[in-house]
Number of protein chains: 4
Amino acid sequence: MKPIRLGMVGGGSGAFIGAIHRIAARMDGHYQIVAGALSSDPERAAASAAELGLDRSYADFNEMARAEAAREDGIEAVSIVTPNHLHAAPAIAFLNAGIHVICDKPLTATPEQAQALAEAVRASRARFFLTHNYCALPMVREARALVAEGALGQIRLVQAEYLQGWLADEVDNKQAAWRTDPAQAGAGALGDIGTHAWQLAQFVTGHTPSHVSAEVSSIVPGRPIDDDARVSLRYASGAKGGLWASQVAVGQENGLSLRLFGTEAALEWRLEESERLILTPKNGPAQILTRAQDRSTSYRTPPGHPEGYLEGFANLYSDIAAIIRGDTTDLERVPGLIAGLSGMSFIAAAKASSAQGGAWIEIGE
Amino acid sequence: MKPIRLGMVGGGSGAFIGAIHRIAARMDGHYQIVAGALSSDPERAAASAAELGLDRSYADFNEMARAEAAREDGIEAVSIVTPNHLHAAPAIAFLNAGIHVICDKPLTATPEQAQALAEAVRASRARFFLTHNYCALPMVREARALVAEGALGQIRLVQAEYLQGWLADEVDNKQAAWRTDPAQAGAGALGDIGTHAWQLAQFVTGHTPSHVSAEVSSIVPGRPIDDDARVSLRYASGAKGGLWASQVAVGQENGLSLRLFGTEAALEWRLEESERLILTPKNGPAQILTRAQDRSTSYRTPPGHPEGYLEGFANLYSDIAAIIRGDTTDLERVPGLIAGLSGMSFIAAAKASSAQGGAWIEIGE
Amino acid sequence: MKPIRLGMVGGGSGAFIGAIHRIAARMDGHYQIVAGALSSDPERAAASAAELGLDRSYADFNEMARAEAAREDGIEAVSIVTPNHLHAAPAIAFLNAGIHVICDKPLTATPEQAQALAEAVRASRARFFLTHNYCALPMVREARALVAEGALGQIRLVQAEYLQGWLADEVDNKQAAWRTDPAQAGAGALGDIGTHAWQLAQFVTGHTPSHVSAEVSSIVPGRPIDDDARVSLRYASGAKGGLWASQVAVGQENGLSLRLFGTEAALEWRLEESERLILTPKNGPAQILTRAQDRSTSYRTPPGHPEGYLEGFANLYSDIAAIIRGDTTDLERVPGLIAGLSGMSFIAAAKASSAQGGAWIEIGE
Amino acid sequence: MKPIRLGMVGGGSGAFIGAIHRIAARMDGHYQIVAGALSSDPERAAASAAELGLDRSYADFNEMARAEAAREDGIEAVSIVTPNHLHAAPAIAFLNAGIHVICDKPLTATPEQAQALAEAVRASRARFFLTHNYCALPMVREARALVAEGALGQIRLVQAEYLQGWLADEVDNKQAAWRTDPAQAGAGALGDIGTHAWQLAQFVTGHTPSHVSAEVSSIVPGRPIDDDARVSLRYASGAKGGLWASQVAVGQENGLSLRLFGTEAALEWRLEESERLILTPKNGPAQILTRAQDRSTSYRTPPGHPEGYLEGFANLYSDIAAIIRGDTTDLERVPGLIAGLSGMSFIAAAKASSAQGGAWIEIGE
């Protein structure tokens, strides 16, 4: 199958989420990234595009939308991986040009931008996608399926948390700079991670709260944006809930979790152990569900091959590439013949010892 | 940077490890798979090659080695992802043709094949790599670094385990068939997973046991190959150890672990929680090391983005591809405008409630 | 040292917390229970007292207070283990009689009762104790010590939870009946477990919130008392917090936890793993503190002998008592000579095998 | 019911296991300790007896056996809590005197002593009990019941471990001294903890291995007794197993565990989480069994009140005793009126806030 031609806005050298999007686009071979406006600085844009081997680099997303829409072999979709305040304008430009948009979350920095973008989506023949990535994890999808089929009965209590500690102090780097600037980010913890928790709860339960009562704080002195938000939730069904998003929770790396309590069972998921789902029926023991019990088929490896199994394999392949290209002389990281022979010696010695009633056998060379 | 031209032997439709190797090769963009002998059945080979969009399909690995070596744009490296008894012959053919070999483990099915392969490696100007993938996980590399710098003192006790349950009964599928056939596999649990545990302990400790005492069993009645192996280890240093590999440990998905006890500290790693390393100094509290403490730099995401974070993102991208291509009408799995607007409503309502002293605010549409 | 003479009000046959108080009083040998008004029903009171071997049974706590105060060998202290609405009256009676009071929590069912009790405490020469038992666990005391010495820096975020599921439906038993009756309990989840979480946070942090914003609910239809309470907290220091108490959290047995985030470190404790304390410094790895790092000395066993080690021992002793008294003929639960001889055979065989280079040795009889 | 009159041999001031036995004997009120030969040093014996408030102190266990057997109110049972080499002689003396014996494990230091003791047990009308305490834990008993009723099918693999780190260096204290002296202990890790693991596996599976193959080591240089033992097990049924006992596993406090794999399910128990049992059916999700699923009734508290709940309560009672007796002026550890009033303020403020739609309410004094 021919890969989809993909463009990218933002995501130049040193960007975090742009690199993630590129790996995700590459992983299953469905895309080829061919064009980009990777930076608002034309020189950095060109340099980044060259580094990534893109065919076409643009200095401006409006020009890119126009030019690509005009080409026979123009991009079919574009990934927008800029700070929040730069989501709406490029998204609208590409939508107007009939090019599908894959946009990072949250939607925009301001309600006005969101409104303008909504109108563009509705007017366009192209599609709009928002990368709330956590809802695509296998056990999150399984959680949604369990709720949908009634495994929890009626949901009564919902608790979503997203705790990080990396903004516990004033942080002086690119990632922190725009996220703590109200003009660029719109909202702080609320927007950056609170919307993830909100969407996660919504995705899994199938319900949106009707009312919220909140305490939104700037804990770090002098910070012009929220860094901690506690929100109580009411649902039309009578269910109650809570959502806590914080970026000053020292020591928390990426503590996203969801706990649901229904009339019949409870369900708990934590990103830290993302391949497990704890289902506790009202009168039975808790069950640890894994992909072995999952019906969503959204995975590439067998159960029990979790947490970066693919990344581990890719590490080997990338290290091998560096060796083949002569970029490194550190051969130790990649096993080779010696490791293979050692394994064969192990097999032979173990078989011999067992055959001799547990006698101690020396490992051959 | 131009991708390395890669070929593949084995890995046709339905293969497990071939698909894994392809994802790993794609992930960082260092390779382009251009040629393959994906199956010993020429028709299946051609069909699989077409499905994957390979430029060149071969019915035979010898022919492939000859032809590719002769081409200007021939492959620079080949991945061998066949059953164990078919590692040596293709590896030797490509090594002889001067093409780098990336081979799945264990080395071969028999000591004789290993010997022949070793000679070919030594005689070739091309390199040979063996994909013991677990040693490429970030915290495993960190474990090796900690041991090397003496954090454990002198190692006294080594315990490696690799427990699976999928062969607890006679299993009738392709993966099980060759793994339980002595002619194709050479060894059972010893070779398939025991060598992983052996290499893991070796990689992290930097030491190879000098002697083993073993009890190798076929637990499932009538099975012609080992499915459980318990091996006691002696090291030249006086350290003692154990290695337990089993494929009949019911309920265990992929239970690889390593525990080390030294004169100064203990270190524990489990694949199930692969992003954690427990370091326990002799007189201090246990420490939970994560990538935040890791110096190996072999990772693509920040600490706390574990277990399939990239796969989750890739799920979105692949689902989006299916939508764009019109292969699915199930739009629910991928968030879009509605999710984005809901997030914006959440932000606005939370801010308003907080500003009004926790008053309950209705969620706008 | 002579044991303190103790009386008990409430705690007749079938009572939960009365039995707990008696075990606690017996464990270290500091008390002898000699008198009681174990039930408001005189016959049940007398029967329960006889069963427990008390010297003196009273039908009425006022009479008991008078009579015991008048005796040379009267009780020195009394445990009050009645439902909440019956805390104040007996406590006042004993305090007025100069007898120390050990009272179960919460203080009373109503603010008026609390006021009256407070006056009696202030007027009495006897002492008043309230059994918020969780603050007496070793690692909770250690948590308090860590906070007090500044290990967390300034506390910014406090999160206390106490989740149970046993009242997820209407429950028809003695324990549930008074706890869901506003007249007897005063408050539901708020009083029964919310006050535990409140006191725990207070005890460990050393601070009391200045303001609360709450959503208190009766989730089970028709229940006349609260069974779920979410409370946001503000501290005078600027710290923010949350407290969630629920008795309808299906599947949760007794989920008490406390999480603190300061300027320098985070601290987490969960009753489910009550012998661990997770301390995460801002820039270092998380540490798992156990009693091995604890300076509180409030324990009876070495580190690593957790969760009912003493109860396991006591089970043996109680089973032995039943055997000695001829109350059971089930001897299997308590190991004896055969188990002992088997252990000796194991030792001998293991030594012999090791001496013979791992030869397989038959286990003698 | 009248308590059983109990004596004790060993267990003087500073003893570890003697104190444990006394707490266990007291906990349910079934025993009264009235006599002891608490030390081989008559003065220390008398001082310890006085401290414990025993009625009768003996300098010699032979004399004690004779004298107590002769008294109308003599002891009915005796606890022997001496080092291993001093188990047989007193046990024989009391058995010969017709007094039940409760003996700490292992049985004896030598096979000869075991033989003599066995003859005495068989000749006596009194009973002999051995305190392998772990088999009395609720979830261990539940494990045994599950195996007995066939929940695992036929057991194929057994893995028992008991890992401690406290003897990783030469240790200079009373507990270590006799345990590392072959004359007093007989065996090291094998006897002290290996027999616990052996009995645990035996108790739960109902089977004793037929053969062992072992590697028994003294890891600490110069230590005259074993401190690490790895034992492979064969069962008559064809099942295979392993037992690993070590006292040099740095950082391990008391790591006792048992893993069983059968034809139908796996079962795992760890002392560190002693109130959980993981049951994994061959094709279903793992289940976390707790006392809520337990049928053994060997417990004093509801599910979810784990790990020292009773000890926490007892801490309060003992601290209260110290306050009442005037032994301490530190009143902070025990909550009292102020904590109680604070809880009442919390309840009132939470109710008020909720009634006022989440308005922030100031906490009253």
# chains A, B, ... in the order shown; residues from 1 in each chain; ligands from 1
$ closest_atom_pairs --of "chain A" --to "chain B" --cutoff "6 Å" --atoms "only C-alpha atoms" --output "JSON lines"
{"residue": "A:Ile23", "atom": "CA", "partner": "B:Met27", "partner_atom": "CA", "distance": 5.6}
{"residue": "A:Ala24", "atom": "CA", "partner": "B:Ala314", "partner_atom": "CA", "distance": 4.0}
{"residue": "A:Ala25", "atom": "CA", "partner": "B:Tyr317", "partner_atom": "CA", "distance": 5.8}
{"residue": "A:Arg26", "atom": "CA", "partner": "B:Met27", "partner_atom": "CA", "distance": 5.9}
{"residue": "A:Met27", "atom": "CA", "partner": "B:Met27", "partner_atom": "CA", "distance": 5.1}
{"residue": "A:Leu107", "atom": "CA", "partner": "B:Gly340", "partner_atom": "CA", "distance": 4.8}
{"residue": "A:Phe128", "atom": "CA", "partner": "B:Gly336", "partner_atom": "CA", "distance": 5.7}
{"residue": "A:Phe129", "atom": "CA", "partner": "B:Gly336", "partner_atom": "CA", "distance": 4.3}
{"residue": "A:Leu130", "atom": "CA", "partner": "B:Gly336", "partner_atom": "CA", "distance": 4.8}
{"residue": "A:Asn133", "atom": "CA", "partner": "B:Phe313", "partner_atom": "CA", "distance": 5.2}
{"residue": "A:Ala136", "atom": "CA", "partner": "B:Gly312", "partner_atom": "CA", "distance": 4.9}
{"residue": "A:Leu137", "atom": "CA", "partner": "B:Gly312", "partner_atom": "CA", "distance": 4.8}
{"residue": "A:Thr195", "atom": "CA", "partner": "B:Gly343", "partner_atom": "CA", "distance": 5.2}
{"residue": "A:Ser210", "atom": "CA", "partner": "B:Ile363", "partner_atom": "CA", "distance": 5.3}
{"residue": "A:His211", "atom": "CA", "partner": "B:Glu362", "partner_atom": "CA", "distance": 4.2}
{"residue": "A:Val212", "atom": "CA", "partner": "B:Ile361", "partner_atom": "CA", "distance": 5.3}
{"residue": "A:Ser213", "atom": "CA", "partner": "B:Trp360", "partner_atom": "CA", "distance": 4.5}
{"residue": "A:Ala214", "atom": "CA", "partner": "B:Ser354", "partner_atom": "CA", "distance": 4.8}
{"residue": "A:Glu215", "atom": "CA", "partner": "B:Ser354", "partner_atom": "CA", "distance": 4.6}
{"residue": "A:Val216", "atom": "CA", "partner": "B:Ser354", "partner_atom": "CA", "distance": 5.5}
{"residue": "A:Glu253", "atom": "CA", "partner": "B:Gly304", "partner_atom": "CA", "distance": 4.7}
{"residue": "A:Asn254", "atom": "CA", "partner": "B:Gly304", "partner_atom": "CA", "distance": 4.7}
{"residue": "A:Gly304", "atom": "CA", "partner": "B:Asn254", "partner_atom": "CA", "distance": 4.7}
{"residue": "A:Pro306", "atom": "CA", "partner": "B:Glu307", "partner_atom": "CA", "distance": 5.7}
{"residue": "A:Glu307", "atom": "CA", "partner": "B:Glu307", "partner_atom": "CA", "distance": 3.2}
{"residue": "A:Gly308", "atom": "CA", "partner": "B:Glu307", "partner_atom": "CA", "distance": 5.5}
{"residue": "A:Gly312", "atom": "CA", "partner": "B:Leu137", "partner_atom": "CA", "distance": 4.8}
{"residue": "A:Phe313", "atom": "CA", "partner": "B:Asn133", "partner_atom": "CA", "distance": 5.3}
{"residue": "A:Ala314", "atom": "CA", "partner": "B:Ala24", "partner_atom": "CA", "distance": 3.9}
{"residue": "A:Asn315", "atom": "CA", "partner": "B:Ala136", "partner_atom": "CA", "distance": 6.0}
{"residue": "A:Tyr317", "atom": "CA", "partner": "B:Ala25", "partner_atom": "CA", "distance": 5.8}
{"residue": "A:Pro335", "atom": "CA", "partner": "B:Leu130", "partner_atom": "CA", "distance": 5.3}
{"residue": "A:Gly336", "atom": "CA", "partner": "B:Phe129", "partner_atom": "CA", "distance": 4.3}
{"residue": "A:Gly340", "atom": "CA", "partner": "B:Leu107", "partner_atom": "CA", "distance": 4.8}
{"residue": "A:Gly343", "atom": "CA", "partner": "B:Thr195", "partner_atom": "CA", "distance": 5.2}
{"residue": "A:Ala350", "atom": "CA", "partner": "B:Ala214", "partner_atom": "CA", "distance": 5.3}
{"residue": "A:Ser353", "atom": "CA", "partner": "B:Ala214", "partner_atom": "CA", "distance": 5.2}
{"residue": "A:Ser354", "atom": "CA", "partner": "B:Glu215", "partner_atom": "CA", "distance": 4.6}
{"residue": "A:Gly358", "atom": "CA", "partner": "B:Ser213", "partner_atom": "CA", "distance": 4.9}
{"residue": "A:Ala359", "atom": "CA", "partner": "B:Ser213", "partner_atom": "CA", "distance": 5.6}
{"residue": "A:Trp360", "atom": "CA", "partner": "B:Ser213", "partner_atom": "CA", "distance": 4.5}
{"residue": "A:Ile361", "atom": "CA", "partner": "B:His211", "partner_atom": "CA", "distance": 5.2}
{"residue": "A:Glu362", "atom": "CA", "partner": "B:His211", "partner_atom": "CA", "distance": 4.2}
{"residue": "A:Ile363", "atom": "CA", "partner": "B:Ser210", "partner_atom": "CA", "distance": 5.3}
$ residues_around --residues "Glu149 in chain B" --least-positions-apart "4" --cutoff "12 Å" --atoms "only C-alpha atoms" --output "CSV table (one decimal) with all heavy atoms, in the first residue's frame"
chain,number,residue,atom,x,y,z
B,142,GLU,N,21.4,1.0,31.9
B,142,GLU,CA,21.7,1.7,33.1
B,142,GLU,C,22.2,0.7,34.2
B,142,GLU,O,23.2,1.0,34.9
B,142,GLU,CB,20.5,2.5,33.6
B,142,GLU,CG,20.7,3.2,34.9
B,142,GLU,CD,21.7,4.3,34.8
B,142,GLU,OE1,22.2,4.7,33.7
B,142,GLU,OE2,22.1,4.9,35.9
B,143,ALA,N,21.6,-0.5,34.2
B,143,ALA,CA,22.0,-1.5,35.2
B,143,ALA,C,23.5,-1.9,34.9
B,143,ALA,O,24.3,-2.0,35.8
B,143,ALA,CB,21.1,-2.7,35.1
B,144,ARG,N,23.8,-2.1,33.6
B,144,ARG,CA,25.2,-2.4,33.3
B,144,ARG,C,26.2,-1.3,33.7
B,144,ARG,O,27.2,-1.6,34.2
B,144,ARG,CB,25.2,-2.6,31.7
B,144,ARG,CG,26.6,-2.9,31.2
B,144,ARG,CD,26.5,-2.8,29.6
B,144,ARG,NE,27.7,-2.9,28.9
B,144,ARG,CZ,28.4,-4.0,28.5
B,144,ARG,NH1,27.9,-5.2,28.9
B,144,ARG,NH2,29.5,-3.9,27.9
B,145,ALA,N,25.7,-0.1,33.5
B,145,ALA,CA,26.6,1.0,33.8
B,145,ALA,C,26.8,1.1,35.4
B,145,ALA,O,27.9,1.3,35.8
B,145,ALA,CB,26.0,2.3,33.3
B,153,GLY,N,29.5,-3.1,44.5
B,153,GLY,CA,30.6,-3.7,45.0
B,153,GLY,C,30.9,-5.0,44.2
B,153,GLY,O,30.7,-5.0,43.0
B,154,GLN,N,31.4,-6.0,44.9
B,154,GLN,CA,31.7,-7.3,44.2
B,154,GLN,C,30.4,-8.1,44.1
B,154,GLN,O,29.7,-8.3,45.2
B,154,GLN,CB,32.8,-8.1,44.9
B,154,GLN,CG,33.3,-9.2,44.1
B,154,GLN,CD,34.2,-10.1,44.9
B,154,GLN,OE1,34.8,-9.6,45.9
B,154,GLN,NE2,34.3,-11.4,44.6
B,204,VAL,N,24.8,-7.5,31.8
B,204,VAL,CA,24.7,-6.5,33.0
B,204,VAL,C,25.9,-6.7,33.9
B,204,VAL,O,26.5,-5.8,34.4
B,204,VAL,CB,23.4,-6.7,33.7
B,204,VAL,CG1,23.3,-5.8,35.0
B,204,VAL,CG2,22.2,-6.3,32.8
B,205,THR,N,26.2,-8.0,34.2
B,205,THR,CA,27.3,-8.2,35.2
B,205,THR,C,28.7,-8.1,34.6
B,205,THR,O,29.7,-7.8,35.3
B,205,THR,CB,27.2,-9.7,35.8
B,205,THR,OG1,27.5,-10.6,34.7
B,205,THR,CG2,25.9,-9.9,36.4
B,206,GLY,N,28.8,-8.3,33.3
B,206,GLY,CA,30.1,-8.3,32.6
B,206,GLY,C,30.8,-9.6,32.9
B,206,GLY,O,32.0,-9.7,32.5
$ select_by_dssp --residues "range 66-202 of chain D" --states "strand (DSSP E or B)" --output "PyMOL selection string"
chain D and resi 77-80+100-103+128-130+155-163
$ residues_around --residues "range 165-175 of chain C" --least-positions-apart "3" --cutoff "6 Å" --atoms "only C-alpha atoms" --output "PyMOL selection string"
chain C and resi 247-252
$ select_by_dssp --residues "range 22-250 of chain B" --states "alpha helix (DSSP H)" --output "ChimeraX atom specification"
/B:22-27,42-52,61-70,88-96,111-123,138-148,174-179,182-185,189,195-205
$ residues_around --residues "Gln113 in chain B" --least-positions-apart "6" --cutoff "9 Å" --atoms "only C-alpha atoms" --output "number ranges by chain"
B: 85, 87-89, 107
$ residues_around --residues "Ala46 in chain D" --least-positions-apart "5" --cutoff "8 Å" --atoms "only C-alpha atoms" --output "NGL selection string"
:D and (38 or 57-59)
$ write_last_selection --atoms "C-alpha atoms" --output "mmCIF file, in the first residue's frame"
data_model
loop_
_atom_site.group_PDB
_atom_site.id
_atom_site.type_symbol
_atom_site.label_atom_id
_atom_site.label_comp_id
_atom_site.auth_asym_id
_atom_site.auth_seq_id
_atom_site.Cartn_x
_atom_site.Cartn_y
_atom_site.Cartn_z
ATOM 1 C CA LEU D 38 14.296 -17.505 80.854
ATOM 2 C CA SER D 57 11.370 -18.364 87.951
ATOM 3 C CA TYR D 58 13.674 -21.357 87.560
ATOM 4 C CA ALA D 59 17.385 -21.488 86.980
#
$ closest_residue --among "D:Gly238, D:Pro182, D:Gly262, D:Gly11" --to "Arg223 in chain D" --atoms "only C-alpha atoms"
D:Pro182
$ decode --residues "range 29-59 of chain A" --atoms "C-alpha atoms" --output "PDB file, in the first residue's frame"
ATOM      1  CA  GLY A  29       4.789   2.494   7.413  1.00  0.00           C
ATOM      2  CA  HIS A  30       1.577   4.304   6.533  1.00  0.00           C
ATOM      3  CA  TYR A  31       3.113   7.742   5.931  1.00  0.00           C
ATOM      4  CA  GLN A  32       5.960   9.424   4.177  1.00  0.00           C
ATOM      5  CA  ILE A  33       6.873  12.892   5.430  1.00  0.00           C
ATOM      6  CA  VAL A  34       7.664  14.953   2.346  1.00  0.00           C
ATOM      7  CA  ALA A  35       7.169  18.618   3.226  1.00  0.00           C
ATOM      8  CA  GLY A  36       7.372  20.919   6.200  1.00  0.00           C
ATOM      9  CA  ALA A  37       7.300  24.390   7.661  1.00  0.00           C
ATOM     10  CA  LEU A  38       9.314  23.222  10.603  1.00  0.00           C
ATOM     11  CA  SER A  39      10.102  26.574  12.109  1.00  0.00           C
ATOM     12  CA  SER A  40       8.982  30.168  11.882  1.00  0.00           C
ATOM     13  CA  ASP A  41      12.650  31.016  11.354  1.00  0.00           C
ATOM     14  CA  PRO A  42      13.247  30.215   7.624  1.00  0.00           C
ATOM     15  CA  GLU A  43      16.869  29.201   8.102  1.00  0.00           C
ATOM     16  CA  ARG A  44      16.110  26.830  10.972  1.00  0.00           C
ATOM     17  CA  ALA A  45      13.177  25.489   8.973  1.00  0.00           C
ATOM     18  CA  ALA A  46      15.417  24.689   6.027  1.00  0.00           C
ATOM     19  CA  ALA A  47      18.138  23.165   8.175  1.00  0.00           C
ATOM     20  CA  SER A  48      15.665  20.948  10.024  1.00  0.00           C
ATOM     21  CA  ALA A  49      14.057  19.862   6.767  1.00  0.00           C
ATOM     22  CA  ALA A  50      17.436  18.933   5.348  1.00  0.00           C
ATOM     23  CA  GLU A  51      18.307  16.970   8.444  1.00  0.00           C
ATOM     24  CA  LEU A  52      15.083  15.019   8.143  1.00  0.00           C
ATOM     25  CA  GLY A  53      15.500  14.518   4.407  1.00  0.00           C
ATOM     26  CA  LEU A  54      12.230  16.252   3.498  1.00  0.00           C
ATOM     27  CA  ASP A  55      11.662  16.975  -0.161  1.00  0.00           C
ATOM     28  CA  ARG A  56      10.224  20.450   0.342  1.00  0.00           C
ATOM     29  CA  SER A  57      10.753  23.063   3.034  1.00  0.00           C
ATOM     30  CA  TYR A  58       8.587  26.149   3.478  1.00  0.00           C
ATOM     31  CA  ALA A  59       9.183  29.256   5.493  1.00  0.00           C
TER      32      ALA A  59
END
